[in-house]
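Novice: Here you go, this is structure_18.pdb (PDB, C-alpha atoms, pLDDT in the B column).
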MODEL        1
ATOM      1  CA  MET A 267      12.686   8.818  13.465  1.00 60.00           C
ATOM      2  CA  LEU A 268      10.606   5.904  14.721  1.00 75.00           C
ATOM      3  CA  ASN A 269      11.852   2.354  14.948  1.00 86.00           C
ATOM      4  CA  LEU A 270      11.170   0.791  11.552  1.00 95.00           C
ATOM      5  CA  LYS A 271      10.579  -2.925  11.313  1.00 96.00           C
ATOM      6  CA  PHE A 272      12.353  -4.380   8.315  1.00 97.00           C
ATOM      7  CA  VAL A 273      11.741  -7.930   7.074  1.00 94.00           C
ATOM      8  CA  ASP A 274      14.807  -9.336   5.325  1.00 94.00           C
ATOM      9  CA  GLY A 275      16.100  -5.753   5.381  1.00 96.00           C
ATOM     10  CA  LEU A 276      13.075  -4.357   3.543  1.00 97.00           C
ATOM     11  CA  ILE A 277       9.913  -2.430   4.367  1.00 98.00           C
ATOM     12  CA  PRO A 278       6.937  -2.049   1.987  1.00 98.00           C
ATOM     13  CA  VAL A 279       6.253   1.465   0.712  1.00 98.00           C
ATOM     14  CA  ILE A 280       2.853   2.570  -0.588  1.00 98.00           C
ATOM     15  CA  VAL A 281       3.235   5.468  -3.008  1.00 98.00           C
ATOM     16  CA  GLN A 282       0.415   7.973  -3.162  1.00 98.00           C
ATOM     17  CA  ASP A 283      -0.012  11.077  -5.307  1.00 98.00           C
ATOM     18  CA  SER A 284      -0.031  14.022  -2.911  1.00 97.00           C
ATOM     19  CA  LYS A 285      -2.638  15.949  -4.917  1.00 96.00           C
ATOM     20  CA  SER A 286      -5.034  13.376  -6.407  1.00 96.00           C
ATOM     21  CA  ARG A 287      -4.440  10.865  -3.558  1.00 97.00           C
ATOM     22  CA  GLU A 288      -4.343   8.108  -6.169  1.00 97.00           C
ATOM     23  CA  VAL A 289      -2.228   5.148  -5.072  1.00 98.00           C
ATOM     24  CA  LEU A 290       0.456   4.942  -7.742  1.00 98.00           C
ATOM     25  CA  MET A 291       2.511   1.866  -6.880  1.00 98.00           C
ATOM     26  CA  MET A 292       3.939  -0.232  -4.108  1.00 98.00           C
ATOM     27  CA  GLY A 293       7.675  -0.647  -3.695  1.00 97.00           C
ATOM     28  CA  TYR A 294      10.140  -1.846  -1.092  1.00 98.00           C
ATOM     29  CA  ALA A 295      12.838   0.196   0.643  1.00 98.00           C
ATOM     30  CA  ASN A 296      15.871  -0.737   2.685  1.00 98.00           C
ATOM     31  CA  ALA A 297      17.420   1.631   5.234  1.00 97.00           C
ATOM     32  CA  GLU A 298      19.729   3.132   2.603  1.00 97.00           C
ATOM     33  CA  ALA A 299      16.811   3.850   0.230  1.00 98.00           C
ATOM     34  CA  ILE A 300      14.952   5.672   3.009  1.00 98.00           C
ATOM     35  CA  ARG A 301      18.074   7.634   3.926  1.00 97.00           C
ATOM     36  CA  LEU A 302      18.584   8.708   0.294  1.00 98.00           C
ATOM     37  CA  THR A 303      14.893   9.574  -0.076  1.00 98.00           C
ATOM     38  CA  LYS A 304      15.089  11.880   2.948  1.00 97.00           C
ATOM     39  CA  GLU A 305      18.448  13.342   1.918  1.00 97.00           C
ATOM     40  CA  THR A 306      17.598  14.044  -1.727  1.00 98.00           C
ATOM     41  CA  GLY A 307      13.835  14.551  -1.530  1.00 98.00           C
ATOM     42  CA  TYR A 308      13.326  12.007  -4.324  1.00 98.00           C
ATOM     43  CA  ALA A 309      11.899   8.500  -3.945  1.00 98.00           C
ATOM     44  CA  HIS A 310      14.411   5.669  -3.730  1.00 98.00           C
ATOM     45  CA  TYR A 311      13.598   1.969  -3.425  1.00 98.00           C
ATOM     46  CA  TYR A 312      15.279  -1.400  -3.346  1.00 98.00           C
ATOM     47  CA  SER A 313      14.487  -3.618  -6.325  1.00 96.00           C
ATOM     48  CA  ARG A 314      13.969  -7.200  -5.184  1.00 93.00           C
ATOM     49  CA  SER A 315      14.248  -8.578  -8.742  1.00 91.00           C
ATOM     50  CA  ARG A 316      17.380  -6.612  -9.668  1.00 94.00           C
ATOM     51  CA  LYS A 317      18.774  -6.747  -6.122  1.00 96.00           C
ATOM     52  CA  LYS A 318      19.865  -3.127  -6.141  1.00 97.00           C
ATOM     53  CA  LEU A 319      19.048   0.318  -4.866  1.00 97.00           C
ATOM     54  CA  TRP A 320      16.920   2.189  -7.330  1.00 96.00           C
ATOM     55  CA  LYS A 321      15.985   5.840  -7.778  1.00 98.00           C
ATOM     56  CA  LYS A 322      12.517   5.974  -9.342  1.00 97.00           C
ATOM     57  CA  GLY A 323      12.836   7.722 -12.703  1.00 96.00           C
ATOM     58  CA  GLU A 324      16.538   7.075 -13.222  1.00 95.00           C
ATOM     59  CA  GLU A 325      15.745   5.428 -16.545  1.00 92.00           C
ATOM     60  CA  SER A 326      12.374   6.924 -17.521  1.00 93.00           C
ATOM     61  CA  GLY A 327      12.829  10.437 -16.152  1.00 95.00           C
ATOM     62  CA  HIS A 328       9.599   9.955 -14.216  1.00 96.00           C
ATOM     63  CA  PHE A 329      10.931  11.035 -10.834  1.00 98.00           C
ATOM     64  CA  GLN A 330       8.900  11.226  -7.632  1.00 98.00           C
ATOM     65  CA  LYS A 331       9.421  14.284  -5.445  1.00 98.00           C
ATOM     66  CA  VAL A 332       8.601  13.179  -1.914  1.00 98.00           C
ATOM     67  CA  VAL A 333       6.426  15.635  -0.011  1.00 98.00           C
ATOM     68  CA  THR A 334       6.096  13.649   3.206  1.00 97.00           C
ATOM     69  CA  ILE A 335       6.576  10.142   4.569  1.00 98.00           C
ATOM     70  CA  LEU A 336       4.010   8.474   6.814  1.00 98.00           C
ATOM     71  CA  ILE A 337       4.448   5.365   8.937  1.00 98.00           C
ATOM     72  CA  ASP A 338       1.795   2.954  10.170  1.00 97.00           C
ATOM     73  CA  CYS A 339       0.860   1.927  13.724  1.00 96.00           C
ATOM     74  CA  ASP A 340       2.972  -1.241  13.598  1.00 95.00           C
ATOM     75  CA  GLU A 341       5.937   0.632  12.108  1.00 97.00           C
ATOM     76  CA  ASP A 342       6.264  -1.958   9.361  1.00 96.00           C
ATOM     77  CA  CYS A 343       4.899  -0.025   6.367  1.00 98.00           C
ATOM     78  CA  LEU A 344       5.465   3.455   4.895  1.00 98.00           C
ATOM     79  CA  ILE A 345       3.620   5.826   2.599  1.00 98.00           C
ATOM     80  CA  TYR A 346       5.602   8.134   0.346  1.00 98.00           C
ATOM     81  CA  PHE A 347       3.387  11.080  -0.586  1.00 98.00           C
ATOM     82  CA  VAL A 348       4.801  12.214  -3.924  1.00 98.00           C
ATOM     83  CA  GLU A 349       4.556  14.659  -6.768  1.00 98.00           C
ATOM     84  CA  GLN A 350       4.791  12.217  -9.674  1.00 98.00           C
ATOM     85  CA  GLN A 351       6.395  13.326 -12.929  1.00 96.00           C
ATOM     86  CA  CYS A 352       4.370  11.921 -15.874  1.00 95.00           C
ATOM     87  CA  ALA A 353       3.390   8.465 -14.592  1.00 96.00           C
ATOM     88  CA  ALA A 354       4.440   5.832 -12.078  1.00 97.00           C
ATOM     89  CA  CYS A 355       3.930   2.627 -14.030  1.00 97.00           C
ATOM     90  CA  HIS A 356       6.357   1.225 -16.597  1.00 94.00           C
ATOM     91  CA  THR A 357       3.358   0.173 -18.712  1.00 95.00           C
ATOM     92  CA  GLY A 358       2.515   3.812 -19.453  1.00 96.00           C
ATOM     93  CA  TYR A 359      -0.390   4.056 -17.023  1.00 97.00           C
ATOM     94  CA  VAL A 360      -0.431   6.762 -14.329  1.00 97.00           C
ATOM     95  CA  SER A 361      -0.790   4.119 -11.615  1.00 98.00           C
ATOM     96  CA  CYS A 362       0.354   0.505 -11.478  1.00 98.00           C
ATOM     97  CA  PHE A 363      -3.181  -0.255 -10.245  1.00 98.00           C
ATOM     98  CA  TYR A 364      -4.867   0.286 -13.606  1.00 98.00           C
ATOM     99  CA  ARG A 365      -7.005  -2.885 -13.595  1.00 97.00           C
ATOM    100  CA  THR A 366      -9.706  -4.450 -11.476  1.00 97.00           C
ATOM    101  CA  LEU A 367      -9.222  -7.992 -10.243  1.00 94.00           C
ATOM    102  CA  ASP A 368     -11.237  -9.341 -13.189  1.00 92.00           C
ATOM    103  CA  GLY A 369      -8.902  -7.577 -15.636  1.00 93.00           C
ATOM    104  CA  SER A 370     -11.007  -4.559 -16.635  1.00 96.00           C
ATOM    105  CA  ILE A 371      -8.895  -1.497 -17.423  1.00 97.00           C
ATOM    106  CA  VAL A 372      -9.803   1.446 -15.201  1.00 97.00           C
ATOM    107  CA  GLY A 373      -6.583   3.493 -15.381  1.00 97.00           C
ATOM    108  CA  THR A 374      -5.327   6.153 -17.760  1.00 94.00           C
ATOM    109  CA  LYS A 375      -2.441   5.527 -20.143  1.00 96.00           C
ATOM    110  CA  VAL A 376      -0.273   8.614 -20.590  1.00 95.00           C
ATOM    111  CA  PHE A 377       2.902   7.461 -22.336  1.00 94.00           C
ATOM    112  CA  ASP A 378       4.188   4.828 -24.737  1.00 93.00           C
ATOM    113  CA  PRO A 379       6.630   2.573 -22.874  1.00 94.00           C
ATOM    114  CA  GLU A 380       8.484   1.640 -26.076  1.00 91.00           C
ATOM    115  CA  LYS A 381       9.362   5.287 -26.633  1.00 90.00           C
ATOM    116  CA  VAL A 382      10.437   5.857 -23.039  1.00 89.00           C
ATOM    117  CA  TYR A 383      12.298   2.635 -22.311  1.00 86.00           C
ATOM    118  CA  GLY A 384      13.277   1.679 -25.868  1.00 75.00           C
ATOM    119  CA  LYS A 385      13.833  -1.944 -26.748  1.00 54.00           C
ATOM    120  CA  LYS A 386      15.723  -2.870 -23.591  1.00 52.00           C
ATOM    121  CA  GLY A 387      12.502  -3.072 -21.572  1.00 46.00           C
ATOM    122  CA  HIS A 388      11.857  -2.100 -17.993  1.00 47.00           C
TER
ATOM    123  CA  MET Q 141      -9.579 -13.144 -12.470  1.00 60.00           C
ATOM    124  CA  LEU Q 142      -5.929 -12.472 -13.152  1.00 75.00           C
ATOM    125  CA  ASN Q 143      -3.083 -14.681 -12.023  1.00 86.00           C
ATOM    126  CA  LEU Q 144      -2.150 -13.456  -8.549  1.00 95.00           C
ATOM    127  CA  LYS Q 145       1.408 -13.886  -7.331  1.00 96.00           C
ATOM    128  CA  PHE Q 146       1.447 -15.013  -3.730  1.00 97.00           C
ATOM    129  CA  VAL Q 147       4.636 -15.044  -1.631  1.00 94.00           C
ATOM    130  CA  ASP Q 148       4.461 -17.711   1.076  1.00 94.00           C
ATOM    131  CA  GLY Q 149       0.751 -17.903   0.241  1.00 96.00           C
ATOM    132  CA  LEU Q 150       0.128 -14.190   0.863  1.00 97.00           C
ATOM    133  CA  ILE Q 151      -0.339 -11.034  -1.174  1.00 98.00           C
ATOM    134  CA  PRO Q 152      -0.152  -7.494   0.280  1.00 98.00           C
ATOM    135  CA  VAL Q 153      -3.385  -5.506   0.242  1.00 98.00           C
ATOM    136  CA  ILE Q 154      -3.480  -1.705   0.376  1.00 98.00           C
ATOM    137  CA  VAL Q 155      -6.781  -0.508   1.833  1.00 98.00           C
ATOM    138  CA  GLN Q 156      -8.101   2.811   0.606  1.00 98.00           C
ATOM    139  CA  ASP Q 157     -11.242   4.708   1.580  1.00 98.00           C
ATOM    140  CA  SER Q 158     -13.390   4.828  -1.550  1.00 97.00           C
ATOM    141  CA  LYS Q 159     -14.651   8.350  -0.851  1.00 96.00           C
ATOM    142  CA  SER Q 160     -11.798  10.261   0.827  1.00 96.00           C
ATOM    143  CA  ARG Q 161      -9.118   8.169  -0.940  1.00 97.00           C
ATOM    144  CA  GLU Q 162      -7.189   8.094   2.337  1.00 97.00           C
ATOM    145  CA  VAL Q 163      -5.003   5.013   2.674  1.00 98.00           C
ATOM    146  CA  LEU Q 164      -6.338   3.306   5.797  1.00 98.00           C
ATOM    147  CA  MET Q 165      -4.069   0.315   6.362  1.00 98.00           C
ATOM    148  CA  MET Q 166      -2.057  -2.409   4.733  1.00 98.00           C
ATOM    149  CA  GLY Q 167      -2.896  -6.050   5.284  1.00 97.00           C
ATOM    150  CA  TYR Q 168      -2.125  -9.427   3.763  1.00 98.00           C
ATOM    151  CA  ALA Q 169      -4.539 -11.829   2.111  1.00 98.00           C
ATOM    152  CA  ASN Q 170      -4.333 -15.469   1.152  1.00 98.00           C
ATOM    153  CA  ALA Q 171      -6.463 -17.010  -1.599  1.00 97.00           C
ATOM    154  CA  GLU Q 172      -9.211 -17.885   0.900  1.00 97.00           C
ATOM    155  CA  ALA Q 173      -9.352 -14.316   2.249  1.00 98.00           C
ATOM    156  CA  ILE Q 174      -9.769 -12.961  -1.285  1.00 98.00           C
ATOM    157  CA  ARG Q 175     -12.458 -15.534  -2.057  1.00 97.00           C
ATOM    158  CA  LEU Q 176     -14.400 -14.602   1.099  1.00 98.00           C
ATOM    159  CA  THR Q 177     -13.963 -10.883   0.385  1.00 98.00           C
ATOM    160  CA  LYS Q 178     -15.473 -11.333  -3.072  1.00 97.00           C
ATOM    161  CA  GLU Q 179     -18.216 -13.660  -1.845  1.00 97.00           C
ATOM    162  CA  THR Q 180     -19.360 -11.581   1.146  1.00 98.00           C
ATOM    163  CA  GLY Q 181     -18.445  -8.069  -0.001  1.00 98.00           C
ATOM    164  CA  TYR Q 182     -16.550  -7.473   3.249  1.00 98.00           C
ATOM    165  CA  ALA Q 183     -12.775  -7.279   3.659  1.00 98.00           C
ATOM    166  CA  HIS Q 184     -11.021 -10.419   4.865  1.00 98.00           C
ATOM    167  CA  TYR Q 185      -7.300 -10.809   5.524  1.00 98.00           C
ATOM    168  CA  TYR Q 186      -4.798 -13.301   6.827  1.00 98.00           C
ATOM    169  CA  SER Q 187      -3.145 -12.298  10.082  1.00 96.00           C
ATOM    170  CA  ARG Q 188       0.548 -13.169   9.990  1.00 93.00           C
ATOM    171  CA  SER Q 189       0.937 -12.744  13.762  1.00 91.00           C
ATOM    172  CA  ARG Q 190      -2.159 -14.755  14.709  1.00 94.00           C
ATOM    173  CA  LYS Q 191      -1.756 -17.133  11.757  1.00 96.00           C
ATOM    174  CA  LYS Q 192      -5.434 -17.112  10.918  1.00 97.00           C
ATOM    175  CA  LEU Q 193      -8.019 -15.792   8.546  1.00 97.00           C
ATOM    176  CA  TRP Q 194      -9.513 -12.579   9.791  1.00 96.00           C
ATOM    177  CA  LYS Q 195     -12.607 -10.567   8.907  1.00 98.00           C
ATOM    178  CA  LYS Q 196     -11.850  -6.913   9.566  1.00 97.00           C
ATOM    179  CA  GLY Q 197     -14.263  -5.680  12.218  1.00 96.00           C
ATOM    180  CA  GLU Q 198     -15.105  -9.092  13.702  1.00 95.00           C
ATOM    181  CA  GLU Q 199     -14.028  -7.804  17.117  1.00 92.00           C
ATOM    182  CA  SER Q 200     -14.445  -4.025  16.841  1.00 93.00           C
ATOM    183  CA  GLY Q 201     -17.494  -3.888  14.600  1.00 95.00           C
ATOM    184  CA  HIS Q 202     -15.498  -1.665  12.249  1.00 96.00           C
ATOM    185  CA  PHE Q 203     -16.222  -3.587   9.079  1.00 98.00           C
ATOM    186  CA  GLN Q 204     -15.006  -2.670   5.611  1.00 98.00           C
ATOM    187  CA  LYS Q 205     -17.494  -2.944   2.753  1.00 98.00           C
ATOM    188  CA  VAL Q 206     -15.433  -3.582  -0.360  1.00 98.00           C
ATOM    189  CA  VAL Q 207     -16.496  -1.481  -3.348  1.00 97.00           C
ATOM    190  CA  THR Q 208     -13.875  -2.709  -5.797  1.00 97.00           C
ATOM    191  CA  ILE Q 209     -10.566  -4.556  -5.885  1.00 98.00           C
ATOM    192  CA  LEU Q 210      -7.659  -3.353  -8.025  1.00 98.00           C
ATOM    193  CA  ILE Q 211      -4.516  -5.265  -8.957  1.00 98.00           C
ATOM    194  CA  ASP Q 212      -1.121  -3.887  -9.937  1.00 97.00           C
ATOM    195  CA  CYS Q 213       0.899  -4.392 -13.120  1.00 96.00           C
ATOM    196  CA  ASP Q 214       3.023  -7.175 -11.603  1.00 95.00           C
ATOM    197  CA  GLU Q 215      -0.042  -8.915 -10.140  1.00 97.00           C
ATOM    198  CA  ASP Q 216       1.608  -9.096  -6.733  1.00 97.00           C
ATOM    199  CA  CYS Q 217      -0.328  -6.407  -4.831  1.00 98.00           C
ATOM    200  CA  LEU Q 218      -4.016  -5.505  -4.418  1.00 98.00           C
ATOM    201  CA  ILE Q 219      -6.024  -2.468  -3.401  1.00 98.00           C
ATOM    202  CA  TYR Q 220      -9.308  -2.939  -1.567  1.00 98.00           C
ATOM    203  CA  PHE Q 221     -11.427   0.187  -2.078  1.00 98.00           C
ATOM    204  CA  VAL Q 222     -13.667   0.227   0.979  1.00 98.00           C
ATOM    205  CA  GLU Q 223     -16.413   1.988   2.832  1.00 98.00           C
ATOM    206  CA  GLN Q 224     -14.901   1.973   6.313  1.00 98.00           C
ATOM    207  CA  GLN Q 225     -17.165   1.807   9.335  1.00 97.00           C
ATOM    208  CA  CYS Q 226     -15.828   4.148  12.051  1.00 95.00           C
ATOM    209  CA  ALA Q 227     -12.066   3.702  11.710  1.00 96.00           C
ATOM    210  CA  ALA Q 228      -9.492   1.245  10.401  1.00 97.00           C
ATOM    211  CA  CYS Q 229      -6.797   1.405  13.081  1.00 97.00           C
ATOM    212  CA  HIS Q 230      -6.945  -0.422  16.411  1.00 94.00           C
ATOM    213  CA  THR Q 231      -5.380   2.673  18.048  1.00 95.00           C
ATOM    214  CA  GLY Q 232      -8.561   4.694  17.446  1.00 96.00           C
ATOM    215  CA  TYR Q 233      -7.236   6.658  14.480  1.00 97.00           C
ATOM    216  CA  VAL Q 234      -9.108   6.629  11.163  1.00 97.00           C
ATOM    217  CA  SER Q 235      -5.987   5.394   9.370  1.00 98.00           C
ATOM    218  CA  CYS Q 236      -3.056   3.301  10.597  1.00 98.00           C
ATOM    219  CA  PHE Q 237      -0.858   5.923   8.906  1.00 98.00           C
ATOM    220  CA  TYR Q 238      -1.488   8.652  11.485  1.00 98.00           C
ATOM    221  CA  ARG Q 239       2.152   9.702  11.984  1.00 97.00           C
ATOM    222  CA  THR Q 240       4.969  11.084   9.901  1.00 97.00           C
ATOM    223  CA  LEU Q 241       8.310   9.277   9.930  1.00 94.00           C
ATOM    224  CA  ASP Q 242       9.608  11.626  12.655  1.00 92.00           C
ATOM    225  CA  GLY Q 243       6.665  10.747  14.912  1.00 93.00           C
ATOM    226  CA  SER Q 244       4.422  13.804  14.446  1.00 96.00           C
ATOM    227  CA  ILE Q 245       0.717  12.975  14.688  1.00 97.00           C
ATOM    228  CA  VAL Q 246      -1.160  13.945  11.550  1.00 97.00           C
ATOM    229  CA  GLY Q 247      -4.196  11.641  11.792  1.00 97.00           C
ATOM    230  CA  THR Q 248      -7.571  11.966  13.463  1.00 94.00           C
ATOM    231  CA  LYS Q 249      -8.530   9.865  16.475  1.00 96.00           C
ATOM    232  CA  VAL Q 250     -12.201   8.900  16.433  1.00 95.00           C
ATOM    233  CA  PHE Q 251     -12.644   6.212  19.080  1.00 94.00           C
ATOM    234  CA  ASP Q 252     -11.201   5.046  22.389  1.00 93.00           C
ATOM    235  CA  PRO Q 253      -9.600   1.610  21.883  1.00 94.00           C
ATOM    236  CA  GLU Q 254     -10.099   0.630  25.536  1.00 91.00           C
ATOM    237  CA  LYS Q 255     -13.838   1.043  25.137  1.00 91.00           C
ATOM    238  CA  VAL Q 256     -13.964  -0.873  21.853  1.00 89.00           C
ATOM    239  CA  TYR Q 257     -11.522  -3.706  22.554  1.00 86.00           C
ATOM    240  CA  GLY Q 258     -11.792  -3.784  26.335  1.00 75.00           C
ATOM    241  CA  LYS Q 259      -8.878  -5.084  28.371  1.00 55.00           C
ATOM    242  CA  LYS Q 260      -8.024  -7.991  26.127  1.00 52.00           C
ATOM    243  CA  GLY Q 261      -6.245  -5.737  23.630  1.00 46.00           C
ATOM    244  CA  HIS Q 262      -6.086  -5.968  19.859  1.00 47.00           C
TER
ENDMDL
END
When written as structure tokens, how does the structure in this file appear?

Specialist:
Amino acid sequence: MLNLKFVDGLIPVIVQDSKSREVLMMGYANAEAIRLTKETGYAHYYSRSRKKLWKKGEESGHFQKVVTILIDCDEDCLIYFVEQQCAACHTGYVSCFYRTLDGSIVGTKVFDPEKVYGKKGH
Amino acid sequence: MLNLKFVDGLIPVIVQDSKSREVLMMGYANAEAIRLTKETGYAHYYSRSRKKLWKKGEESGHFQKVVTILIDCDEDCLIYFVEQQCAACHTGYVSCFYRTLDGSIVGTKVFDPEKVYGKKGH
């Protein structure tokens, strides 16, 4: 394994669908999240807002099976190539990047977040 | 334009080839870099190491024509969809993500960095 550069213990992770190549989300991982991702084959992250390790899909069931992990030239950013179950975004869209900068919707909504997450929210 | 969330004045930008959908690099932009990107149609960033605004390709000639800009659900990350001239990475590879986490080369090298950047480096 190469020498990862963490900032405040975290490294940004771009998440890309291994088949469609759509970028699904961006998350952050700490060393433990990367270790668990490699060990289990499922994407783990570190939530900066909740300050805890997080397995994607633990609440929604929308797990990400990690096919491969790429690292950039500076060794300060990763790509998880994943097989995404259902959708990546908590809003119900396939990708978190479902809008252009001027707010136009360009993504596809595939589930109702109220049904998946209930009233407790994301 | 939506309300972008900057951290220390910067927002991460994922750069994706608009045709191949390959993720080429990740950079950071400040408000001025985004304004110039929209105004000129070419990708601008803020270099954290050099602490200055930076037009991709200003040294190498490998400019990025920006086709569209996407924003994520949290409004704290962007995607520049680009038409990349030659290659994105200063190492000569098409993408900065040319290796797996264990160091295997998976990318394609398309130019010799010594010829493009000369002896002064990146």

Novice: Could you give me, as a ChimeraX atom specification, the residues that sit within 10 Å of (6.9, 7.4, 2.6) in the file's coordinates, counting all atoms listed in the file?

Specialist: /A:278-282,295,300,303-304,309-310,332-337,343-348 /Q:240-241

Novice: With chain A held fixed, move chain Q onto it by a least-squares fit of all C-alpha atoms in order and give the output as a short mmCIF file (atom, residue, chain, number, x, y, z; two decimals) with C-alpha atoms, in the frame of the given file.

Specialist:
data_model
loop_
_atom_site.label_atom_id
_atom_site.label_comp_id
_atom_site.auth_asym_id
_atom_site.auth_seq_id
_atom_site.Cartn_x
_atom_site.Cartn_y
_atom_site.Cartn_z
CA MET Q 141 12.65 8.84 13.49
CA LEU Q 142 10.61 5.90 14.71
CA ASN Q 143 11.87 2.35 14.94
CA LEU Q 144 11.17 0.79 11.55
CA LYS Q 145 10.58 -2.94 11.32
CA PHE Q 146 12.37 -4.38 8.32
CA VAL Q 147 11.73 -7.93 7.07
CA ASP Q 148 14.81 -9.34 5.33
CA GLY Q 149 16.10 -5.76 5.36
CA LEU Q 150 13.07 -4.34 3.53
CA ILE Q 151 9.92 -2.42 4.36
CA PRO Q 152 6.94 -2.04 1.98
CA VAL Q 153 6.26 1.47 0.71
CA ILE Q 154 2.86 2.58 -0.58
CA VAL Q 155 3.24 5.48 -3.01
CA GLN Q 156 0.41 7.98 -3.16
CA ASP Q 157 0.00 11.08 -5.32
CA SER Q 158 -0.03 14.02 -2.92
CA LYS Q 159 -2.65 15.94 -4.90
CA SER Q 160 -5.03 13.36 -6.42
CA ARG Q 161 -4.45 10.87 -3.57
CA GLU Q 162 -4.35 8.10 -6.17
CA VAL Q 163 -2.23 5.15 -5.08
CA LEU Q 164 0.46 4.94 -7.75
CA MET Q 165 2.52 1.87 -6.88
CA MET Q 166 3.94 -0.23 -4.11
CA GLY Q 167 7.67 -0.65 -3.70
CA TYR Q 168 10.15 -1.84 -1.10
CA ALA Q 169 12.83 0.19 0.64
CA ASN Q 170 15.87 -0.72 2.68
CA ALA Q 171 17.42 1.62 5.24
CA GLU Q 172 19.72 3.13 2.59
CA ALA Q 173 16.81 3.84 0.23
CA ILE Q 174 14.96 5.67 3.01
CA ARG Q 175 18.08 7.64 3.93
CA LEU Q 176 18.60 8.71 0.30
CA THR Q 177 14.90 9.57 -0.07
CA LYS Q 178 15.09 11.86 2.94
CA GLU Q 179 18.44 13.34 1.92
CA THR Q 180 17.60 14.06 -1.73
CA GLY Q 181 13.83 14.55 -1.54
CA TYR Q 182 13.32 12.01 -4.32
CA ALA Q 183 11.91 8.50 -3.95
CA HIS Q 184 14.41 5.66 -3.74
CA TYR Q 185 13.60 1.96 -3.43
CA TYR Q 186 15.28 -1.41 -3.34
CA SER Q 187 14.49 -3.62 -6.31
CA ARG Q 188 13.97 -7.20 -5.17
CA SER Q 189 14.26 -8.58 -8.71
CA ARG Q 190 17.38 -6.61 -9.65
CA LYS Q 191 18.77 -6.75 -6.10
CA LYS Q 192 19.86 -3.13 -6.12
CA LEU Q 193 19.05 0.31 -4.88
CA TRP Q 194 16.92 2.19 -7.33
CA LYS Q 195 15.98 5.84 -7.79
CA LYS Q 196 12.52 5.97 -9.34
CA GLY Q 197 12.82 7.71 -12.70
CA GLU Q 198 16.54 7.07 -13.22
CA GLU Q 199 15.73 5.42 -16.55
CA SER Q 200 12.37 6.93 -17.53
CA GLY Q 201 12.83 10.43 -16.15
CA HIS Q 202 9.60 9.94 -14.21
CA PHE Q 203 10.92 11.03 -10.84
CA GLN Q 204 8.91 11.23 -7.64
CA LYS Q 205 9.42 14.28 -5.44
CA VAL Q 206 8.60 13.17 -1.91
CA VAL Q 207 6.42 15.63 -0.01
CA THR Q 208 6.09 13.64 3.21
CA ILE Q 209 6.59 10.14 4.56
CA LEU Q 210 4.01 8.47 6.81
CA ILE Q 211 4.45 5.36 8.93
CA ASP Q 212 1.79 2.95 10.16
CA CYS Q 213 0.86 1.93 13.70
CA ASP Q 214 2.97 -1.24 13.60
CA GLU Q 215 5.95 0.62 12.10
CA ASP Q 216 6.27 -1.97 9.35
CA CYS Q 217 4.91 -0.03 6.35
CA LEU Q 218 5.47 3.46 4.90
CA ILE Q 219 3.63 5.83 2.60
CA TYR Q 220 5.61 8.13 0.34
CA PHE Q 221 3.39 11.09 -0.60
CA VAL Q 222 4.80 12.22 -3.93
CA GLU Q 223 4.56 14.65 -6.77
CA GLN Q 224 4.80 12.21 -9.67
CA GLN Q 225 6.39 13.32 -12.92
CA CYS Q 226 4.38 11.93 -15.86
CA ALA Q 227 3.39 8.48 -14.60
CA ALA Q 228 4.44 5.84 -12.08
CA CYS Q 229 3.93 2.62 -14.04
CA HIS Q 230 6.37 1.24 -16.61
CA THR Q 231 3.35 0.18 -18.72
CA GLY Q 232 2.49 3.82 -19.46
CA TYR Q 233 -0.40 4.06 -17.02
CA VAL Q 234 -0.43 6.77 -14.34
CA SER Q 235 -0.79 4.12 -11.62
CA CYS Q 236 0.35 0.49 -11.50
CA PHE Q 237 -3.17 -0.26 -10.25
CA TYR Q 238 -4.88 0.29 -13.60
CA ARG Q 239 -7.01 -2.89 -13.60
CA THR Q 240 -9.70 -4.43 -11.48
CA LEU Q 241 -9.22 -7.99 -10.24
CA ASP Q 242 -11.23 -9.35 -13.20
CA GLY Q 243 -8.91 -7.59 -15.66
CA SER Q 244 -11.01 -4.55 -16.64
CA ILE Q 245 -8.90 -1.48 -17.41
CA VAL Q 246 -9.81 1.45 -15.20
CA GLY Q 247 -6.59 3.50 -15.38
CA THR Q 248 -5.34 6.16 -17.76
CA LYS Q 249 -2.44 5.53 -20.12
CA VAL Q 250 -0.28 8.62 -20.58
CA PHE Q 251 2.90 7.47 -22.32
CA ASP Q 252 4.17 4.83 -24.73
CA PRO Q 253 6.63 2.56 -22.87
CA GLU Q 254 8.48 1.64 -26.07
CA LYS Q 255 9.33 5.28 -26.64
CA VAL Q 256 10.41 5.86 -23.03
CA TYR Q 257 12.29 2.63 -22.30
CA GLY Q 258 13.27 1.71 -25.84
CA LYS Q 259 13.87 -1.93 -26.71
CA LYS Q 260 15.74 -2.84 -23.56
CA GLY Q 261 12.52 -3.07 -21.54
CA HIS Q 262 11.86 -2.14 -17.94
#

Novice: Carefully work through the PyMOL selection byres ((chain Q and resi 172) around 12) for this structure and note down the residues it includes, as a count of residues only.

Specialist: 24

Novice: Report, in Å to a single decimal, how far apart atom CA of Gln204 of chain Q and atom CA of Glu254 of chain Q are.

Specialist: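 Separating atom CA of Glu254 of chain Q from atom CA of Gln204 of chain Q is a distance of 20.8 Å.
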
Novice: Of the residues Q:Cys213, Q:Leu144, Q:Ser160, Q:Tyr182, which is the one nearest to chain A, using all atoms listed in the file?

Specialist: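 Among the listed residues, the smallest separation from chain A belongs to Q:Cys213.
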
Novice: Could you work out how far atom CA of Gly369 of chain A lies from atom CA of Asp148 of chain Q, giving the answer in Å with one decimal?

Specialist: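 Going from atom CA of Asp148 of chain Q over to atom CA of Gly369 of chain A covers 23.7 Å.
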
Novice: Around segment 224-241 of chain Q, fit a box with edges along x, y and z, padding it by 3 Å on each side, then list its centre and edge lengths in Å to one decimal as AutoDock Vina command-line options.

Specialist:
--center_x -4.4 --center_y 5.3 --center_z 12.2 --size_x 31.5 --size_y 17.5 --size_z 17.7
